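J.: Here you go, this is run-v1.cif (mmCIF, C-alpha atoms).
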```cif
data_model
loop_
_atom_site.group_PDB
_atom_site.id
_atom_site.type_symbol
_atom_site.label_atom_id
_atom_site.label_comp_id
_atom_site.auth_asym_id
_atom_site.auth_seq_id
_atom_site.Cartn_x
_atom_site.Cartn_y
_atom_site.Cartn_z
ATOM 1 C CA MET A 27 -185.513 -40.830 182.676
ATOM 2 C CA SER A 28 -182.457 -38.916 183.761
ATOM 3 C CA LEU A 29 -182.113 -35.214 183.027
ATOM 4 C CA VAL A 30 -178.370 -35.577 182.504
ATOM 5 C CA ASN A 31 -177.040 -36.860 179.196
ATOM 6 C CA PHE A 32 -174.168 -39.225 179.935
ATOM 7 C CA THR A 33 -172.630 -41.008 176.975
ATOM 8 C CA GLY A 34 -170.264 -43.070 179.094
ATOM 9 C CA GLN A 35 -167.205 -41.754 177.280
ATOM 10 C CA ASN A 36 -164.910 -38.902 178.093
ATOM 11 C CA VAL A 37 -163.241 -37.365 175.083
ATOM 12 C CA VAL A 38 -159.589 -36.718 175.818
ATOM 13 C CA GLU A 39 -158.289 -35.998 172.333
ATOM 14 C CA PHE A 40 -159.290 -35.350 168.742
ATOM 15 C CA THR A 41 -157.663 -36.891 165.699
ATOM 16 C CA ILE A 42 -157.255 -34.641 162.691
ATOM 17 C CA THR A 43 -157.521 -36.706 159.525
ATOM 18 C CA GLY A 44 -158.251 -34.254 156.726
ATOM 19 C CA PHE A 45 -154.697 -33.894 155.461
ATOM 20 C CA ASP A 46 -153.747 -37.518 154.838
ATOM 21 C CA HIS A 47 -154.566 -37.382 151.131
ATOM 22 C CA LEU A 48 -152.409 -34.318 150.380
ATOM 23 C CA PRO A 49 -149.320 -35.225 148.349
ATOM 24 C CA TYR A 50 -147.146 -32.378 149.670
ATOM 25 C CA HIS A 51 -148.309 -31.879 153.235
ATOM 26 C CA LYS A 52 -144.759 -31.111 154.488
ATOM 27 C CA LEU A 53 -144.444 -28.392 151.851
ATOM 28 C CA MET A 54 -147.818 -26.958 152.828
ATOM 29 C CA GLY A 55 -146.778 -27.049 156.494
ATOM 30 C CA ALA A 56 -143.547 -25.232 155.648
ATOM 31 C CA GLY A 57 -145.531 -22.589 153.762
ATOM 32 C CA ILE A 58 -147.872 -22.079 156.722
ATOM 33 C CA LEU A 59 -144.859 -21.926 159.081
ATOM 34 C CA LEU A 60 -143.196 -19.344 156.839
ATOM 35 C CA ALA A 61 -146.387 -17.247 156.703
ATOM 36 C CA TYR A 62 -146.735 -17.533 160.490
ATOM 37 C CA CYS A 63 -143.131 -16.429 161.054
ATOM 38 C CA LEU A 64 -143.542 -13.517 158.636
ATOM 39 C CA ALA A 65 -146.746 -12.433 160.399
ATOM 40 C CA LEU A 66 -144.982 -12.572 163.764
ATOM 41 C CA LEU A 67 -141.969 -10.701 162.400
ATOM 42 C CA GLY A 68 -144.099 -7.994 160.788
ATOM 43 C CA SER A 69 -146.301 -7.497 163.835
ATOM 44 C CA THR A 70 -143.430 -7.394 166.322
ATOM 45 C CA THR A 71 -141.483 -5.012 164.059
ATOM 46 C CA ASN A 72 -144.543 -2.800 163.878
ATOM 47 C CA ILE A 73 -144.923 -2.770 167.663
ATOM 48 C CA CYS A 74 -141.200 -2.141 168.249
ATOM 49 C CA VAL A 75 -140.953 0.720 165.751
ATOM 50 C CA ILE A 76 -144.048 2.472 167.089
ATOM 51 C CA SER A 77 -143.070 2.003 170.731
ATOM 52 C CA THR A 78 -139.505 3.298 170.269
ATOM 53 C CA ASP A 79 -140.219 6.380 168.138
ATOM 54 C CA ARG A 80 -141.775 9.173 170.224
ATOM 55 C CA ARG A 81 -143.146 10.891 167.112
ATOM 56 C CA LEU A 82 -145.416 7.894 166.535
ATOM 57 C CA HIS A 83 -147.047 8.069 169.949
ATOM 58 C CA ARG A 84 -150.352 9.223 168.518
ATOM 59 C CA PRO A 85 -153.799 7.587 168.836
ATOM 60 C CA MET A 86 -153.732 6.175 165.302
ATOM 61 C CA TYR A 87 -150.404 4.445 165.872
ATOM 62 C CA LEU A 88 -151.479 3.145 169.272
ATOM 63 C CA LEU A 89 -154.458 1.569 167.534
ATOM 64 C CA ILE A 90 -152.132 0.077 164.912
ATOM 65 C CA CYS A 91 -150.052 -1.448 167.742
ATOM 66 C CA ASN A 92 -153.229 -2.903 169.187
ATOM 67 C CA LEU A 93 -154.108 -4.402 165.801
ATOM 68 C CA ALA A 94 -150.601 -5.895 165.537
ATOM 69 C CA LEU A 95 -150.974 -7.474 168.974
ATOM 70 C CA VAL A 96 -154.363 -8.886 168.002
ATOM 71 C CA ASP A 97 -152.825 -10.208 164.781
ATOM 72 C CA ILE A 98 -150.150 -12.059 166.752
ATOM 73 C CA MET A 99 -152.799 -13.674 168.947
ATOM 74 C CA PHE A 100 -155.110 -14.481 166.032
ATOM 75 C CA THR A 101 -152.430 -16.122 163.884
ATOM 76 C CA THR A 102 -151.082 -18.059 166.865
ATOM 77 C CA GLY A 103 -154.514 -19.457 167.631
ATOM 78 C CA ALA A 104 -155.170 -20.331 164.003
ATOM 79 C CA SER A 105 -151.935 -21.753 162.664
ATOM 80 C CA THR A 106 -150.109 -23.606 165.446
ATOM 81 C CA THR A 107 -152.315 -26.678 165.166
ATOM 82 C CA MET A 108 -151.916 -26.745 161.394
ATOM 83 C CA ILE A 109 -148.145 -26.506 161.700
ATOM 84 C CA SER A 110 -147.973 -29.354 164.217
ATOM 85 C CA VAL A 111 -150.234 -31.566 162.094
ATOM 86 C CA LEU A 112 -148.515 -30.927 158.767
ATOM 87 C CA LEU A 113 -144.867 -30.701 159.815
ATOM 88 C CA ALA A 114 -144.550 -32.775 162.972
ATOM 89 C CA GLY A 115 -147.141 -35.346 161.960
ATOM 90 C CA ASP A 116 -148.864 -35.016 165.327
ATOM 91 C CA LYS A 117 -152.441 -35.777 164.328
ATOM 92 C CA THR A 118 -153.946 -35.756 167.821
ATOM 93 C CA VAL A 119 -154.966 -32.691 169.783
ATOM 94 C CA SER A 120 -156.014 -32.972 173.413
ATOM 95 C CA TYR A 121 -159.479 -31.779 174.338
ATOM 96 C CA HIS A 122 -158.226 -28.998 176.630
ATOM 97 C CA SER A 123 -155.647 -27.853 174.090
ATOM 98 C CA CYS A 124 -158.335 -27.725 171.423
ATOM 99 C CA LEU A 125 -160.643 -25.786 173.722
ATOM 100 C CA SER A 126 -157.934 -23.266 174.596
ATOM 101 C CA ARG A 127 -157.002 -22.783 170.929
ATOM 102 C CA VAL A 128 -160.641 -22.272 170.011
ATOM 103 C CA PHE A 129 -160.884 -19.681 172.784
ATOM 104 C CA ILE A 130 -157.723 -17.867 171.615
ATOM 105 C CA TYR A 131 -158.901 -17.973 167.999
ATOM 106 C CA HIS A 132 -162.311 -16.517 168.801
ATOM 107 C CA LEU A 133 -160.807 -14.034 171.241
ATOM 108 C CA GLY A 134 -158.549 -12.824 168.428
ATOM 109 C CA ASP A 135 -161.452 -12.767 165.994
ATOM 110 C CA VAL A 136 -163.729 -10.618 168.134
ATOM 111 C CA THR A 137 -160.863 -8.421 169.331
ATOM 112 C CA GLN A 138 -159.798 -7.854 165.733
ATOM 113 C CA CYS A 139 -163.314 -6.655 164.886
ATOM 114 C CA LEU A 140 -163.218 -4.255 167.826
ATOM 115 C CA ALA A 141 -159.692 -3.063 166.928
ATOM 116 C CA LEU A 142 -160.777 -2.325 163.366
ATOM 117 C CA SER A 143 -163.866 -0.555 164.694
ATOM 118 C CA LEU A 144 -161.679 1.611 166.932
ATOM 119 C CA MET A 145 -159.475 2.438 163.962
ATOM 120 C CA ALA A 146 -162.570 3.377 161.958
ATOM 121 C CA LEU A 147 -163.718 5.568 164.845
ATOM 122 C CA ASP A 148 -160.313 7.259 164.882
ATOM 123 C CA ARG A 149 -160.477 8.043 161.166
ATOM 124 C CA THR A 150 -164.111 9.171 161.426
ATOM 125 C CA VAL A 151 -163.221 11.668 164.140
ATOM 126 C CA ALA A 152 -160.178 12.819 162.157
ATOM 127 C CA ILE A 153 -162.275 13.409 159.037
ATOM 128 C CA SER A 154 -165.421 14.855 160.595
ATOM 129 C CA GLU A 155 -163.731 17.016 163.258
ATOM 130 C CA PRO A 156 -160.213 17.763 161.976
ATOM 131 C CA LEU A 157 -159.661 20.838 164.137
ATOM 132 C CA ARG A 158 -160.875 19.171 167.331
ATOM 133 C CA TYR A 159 -159.321 15.743 166.659
ATOM 134 C CA ALA A 160 -156.389 16.269 169.021
ATOM 135 C CA THR A 161 -158.706 17.177 171.889
ATOM 136 C CA ILE A 162 -161.359 14.535 171.205
ATOM 137 C CA LEU A 163 -159.116 11.518 170.777
ATOM 138 C CA THR A 164 -156.054 11.809 172.988
ATOM 139 C CA ASN A 165 -153.514 9.091 173.739
ATOM 140 C CA GLN A 166 -155.165 8.469 177.099
ATOM 141 C CA ARG A 167 -158.586 8.052 175.521
ATOM 142 C CA ALA A 168 -157.201 5.773 172.828
ATOM 143 C CA CYS A 169 -155.524 3.612 175.487
ATOM 144 C CA LEU A 170 -158.750 3.589 177.494
ATOM 145 C CA LEU A 171 -160.714 2.458 174.432
ATOM 146 C CA ILE A 172 -158.161 -0.303 173.796
ATOM 147 C CA VAL A 173 -158.317 -1.515 177.404
ATOM 148 C CA VAL A 174 -162.123 -1.456 177.371
ATOM 149 C CA SER A 175 -162.185 -3.440 174.131
ATOM 150 C CA TRP A 176 -159.865 -6.064 175.648
ATOM 151 C CA LEU A 177 -161.956 -6.250 178.826
ATOM 152 C CA LEU A 178 -165.184 -6.486 176.840
ATOM 153 C CA VAL A 179 -164.213 -9.492 174.703
ATOM 154 C CA PRO A 180 -163.723 -12.360 177.230
ATOM 155 C CA PRO A 181 -167.251 -12.085 178.632
ATOM 156 C CA LEU A 182 -168.516 -12.324 175.044
ATOM 157 C CA ILE A 183 -166.429 -15.446 174.358
ATOM 158 C CA ASN A 184 -166.860 -17.256 177.691
ATOM 159 C CA PRO A 185 -170.421 -18.513 177.042
ATOM 160 C CA THR A 186 -169.094 -20.458 174.056
ATOM 161 C CA VAL A 187 -166.361 -22.072 176.125
ATOM 162 C CA TYR A 188 -168.679 -22.840 179.023
ATOM 163 C CA CYS A 189 -171.215 -24.348 176.644
ATOM 164 C CA LEU A 190 -168.571 -26.785 175.434
ATOM 165 C CA GLN A 191 -167.778 -27.705 179.046
ATOM 166 C CA ASN A 192 -171.443 -28.489 179.708
ATOM 167 C CA LYS A 193 -171.869 -32.284 179.436
ATOM 168 C CA GLU A 194 -175.217 -32.114 177.674
ATOM 169 C CA ILE A 195 -174.104 -29.653 175.000
ATOM 170 C CA ARG A 196 -170.720 -31.360 174.603
ATOM 171 C CA GLY A 197 -172.512 -34.692 174.137
ATOM 172 C CA THR A 198 -174.670 -33.196 171.380
ATOM 173 C CA VAL A 199 -171.645 -31.670 169.639
ATOM 174 C CA LEU A 200 -169.741 -34.943 169.861
ATOM 175 C CA ARG A 201 -172.691 -36.907 168.457
ATOM 176 C CA ILE A 202 -172.768 -34.545 165.480
ATOM 177 C CA PHE A 203 -169.039 -35.002 164.875
ATOM 178 C CA ARG A 204 -169.207 -38.771 165.305
ATOM 179 C CA ARG A 205 -171.379 -38.913 162.204
ATOM 180 C CA ASN A 206 -168.432 -37.453 160.277
ATOM 181 C CA PRO A 207 -165.121 -39.277 159.875
ATOM 182 C CA VAL A 208 -163.282 -36.369 161.551
ATOM 183 C CA LEU A 209 -163.501 -38.006 164.988
ATOM 184 C CA PRO A 210 -162.398 -41.561 165.564
ATOM 185 C CA SER A 211 -165.030 -43.802 167.036
ATOM 186 C CA LYS A 212 -164.111 -44.859 170.563
ATOM 187 C CA GLY A 213 -165.416 -48.001 171.923
#
```
Translate this file's structure into structure tokens.

T.:
Amino acid sequence: MSLVNFTGQNVVEFTITGFDHLPYHKLMGAGILLAYCLALLGSTTNICVISTDRRLHRPMYLLICNLALVDIMFTTGASTTMISVLLAGDKTVSYHSCLSRVFIYHLGDVTQCLALSLMALDRTVAISEPLRYATILTNQRACLLIVVSWLLVPPLINPTVYCLQNKEIRGTVLRIFRRNPVLPSKG
């Protein structure tokens, strides 16, 4: 008995079939595209306004810029596949593209939690130590906290990605999905 699980098939793409029954899938795709464009516009406007106005160069606004950047990444990872499926009719997603979008989505998810936690820390310090706030949380410390949060997230996400690259785990995941009509049966 071999210790390696080899199914004899390499998955190169996934077929997304859950939207075939929708009567207005182009309209839904246009709505998601509009929401995506509005999210990008709002986040980039937020970043541009805060970065150009010197009066807004405070820790709270730096953390808001970080949250806007995370929002751009999170919405890009979540909605680009939906837009291509609903508007362009491209129902197949390559394995590597799917893996990279899952990584970006989860990277945005965990980074958003850390960004919100940093914002909560900022407000906690401002409320509990109002007279010492400016000395406790400076711009340099806020930037350092942001950089540390961005450096902390990929090592938390990488085990998930590497698990999906492991043939044994990938084979188990694919067997689970083959029971559902989401994946086409190859062979």

J.: Give as a compact mmCIF listing (two decimals) with C-alpha atoms, in the frame of the given file the residues that the PyMOL selection byres ((chain A and resi 42-52) around 6) matches when applied to the coordinates above.

T.:
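part15.txt written:
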```txt
# COMPACT_ATOMS: atom_id res chain seq x y z
CA THR A 41 -157.66 -36.89 165.70
CA LEU A 53 -144.44 -28.39 151.85
CA MET A 54 -147.82 -26.96 152.83
CA GLY A 55 -146.78 -27.05 156.49
CA LEU A 112 -148.51 -30.93 158.77
CA LEU A 113 -144.87 -30.70 159.82
CA LYS A 117 -152.44 -35.78 164.33
```

J.: Identify, on the basis of all atoms listed in the file, every residue whose closest approach to A:Thr164 does not exceed 12 Å; exclude the query and any residue fewer than 5 positions from it along the same chain; express the result as an MDAnalysis selection string.

T.: chainID A and resid 83:89 148 151:152 158:159 169:171

J.: Find the distance between atom CA of A:Leu60 and atom CA of A:Met99 and write it in Å to one decimal.

T.: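 Separation between atom CA of A:Leu60 and atom CA of A:Met99: 16.5 Å.
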
J.: Using only C-alpha atoms, find the one residue out of A:Val111, A:Ile73, A:Leu66, A:Leu157 that sits nearest to A:Asn92.

T.: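 Once distances to A:Asn92 are computed over only C-alpha atoms, the minimum belongs to A:Ile73.
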
J.: For atom CA of A:Gly68 and atom CA of A:Leu95, determine how far apart the two atoms are, in Å to one decimal place.

T.: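 Distance reported for this atom pair: 10.7 Å.
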
J.: Just checking: using all atoms listed in the file, which residue out of A:Ala56, A:Val136, A:Ala114, A:Val119 ends up closest to A:Glu39?

T.: A:Val119

J.: Report the distance between atom CA of A:Tyr131 and atom CA of A:Phe100 in Å, rounded to one decimal place.

T.: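 Straight-line distance from atom CA of A:Tyr131 to atom CA of A:Phe100 works out to 5.5 Å.
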
J.: From the set A:Leu163, A:Ile58, A:Leu82, A:Leu142, which residue has the shortest atom-to-atom contact distance to A:Thr106, counting all atoms listed in the file?

T.: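 Residue with the minimum atom-to-atom distance to A:Thr106: A:Ile58.
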
J.: Could you list, as a ChimeraX atom specification, every residue matched by the PyMOL selection byres ((chain A and resi 72) around 10) in this structure?

T.: /A:66-71,73-77,87,90-91,93-95

J.: Got a sec: who's within 9 Å of stretch 173-183 of chain A, counting only C-alpha atoms, leaving out chain neighbours fewer than 6 positions off, as a ChimeraX atom specification?

T.: /A:129,132-133,136-137,140-141,144

J.: Please write the residues picked by the PyMOL selection byres ((chain A and resi 38) around 7) on this file as a ChimeraX atom specification.

T.: /A:36-37,39,120-121
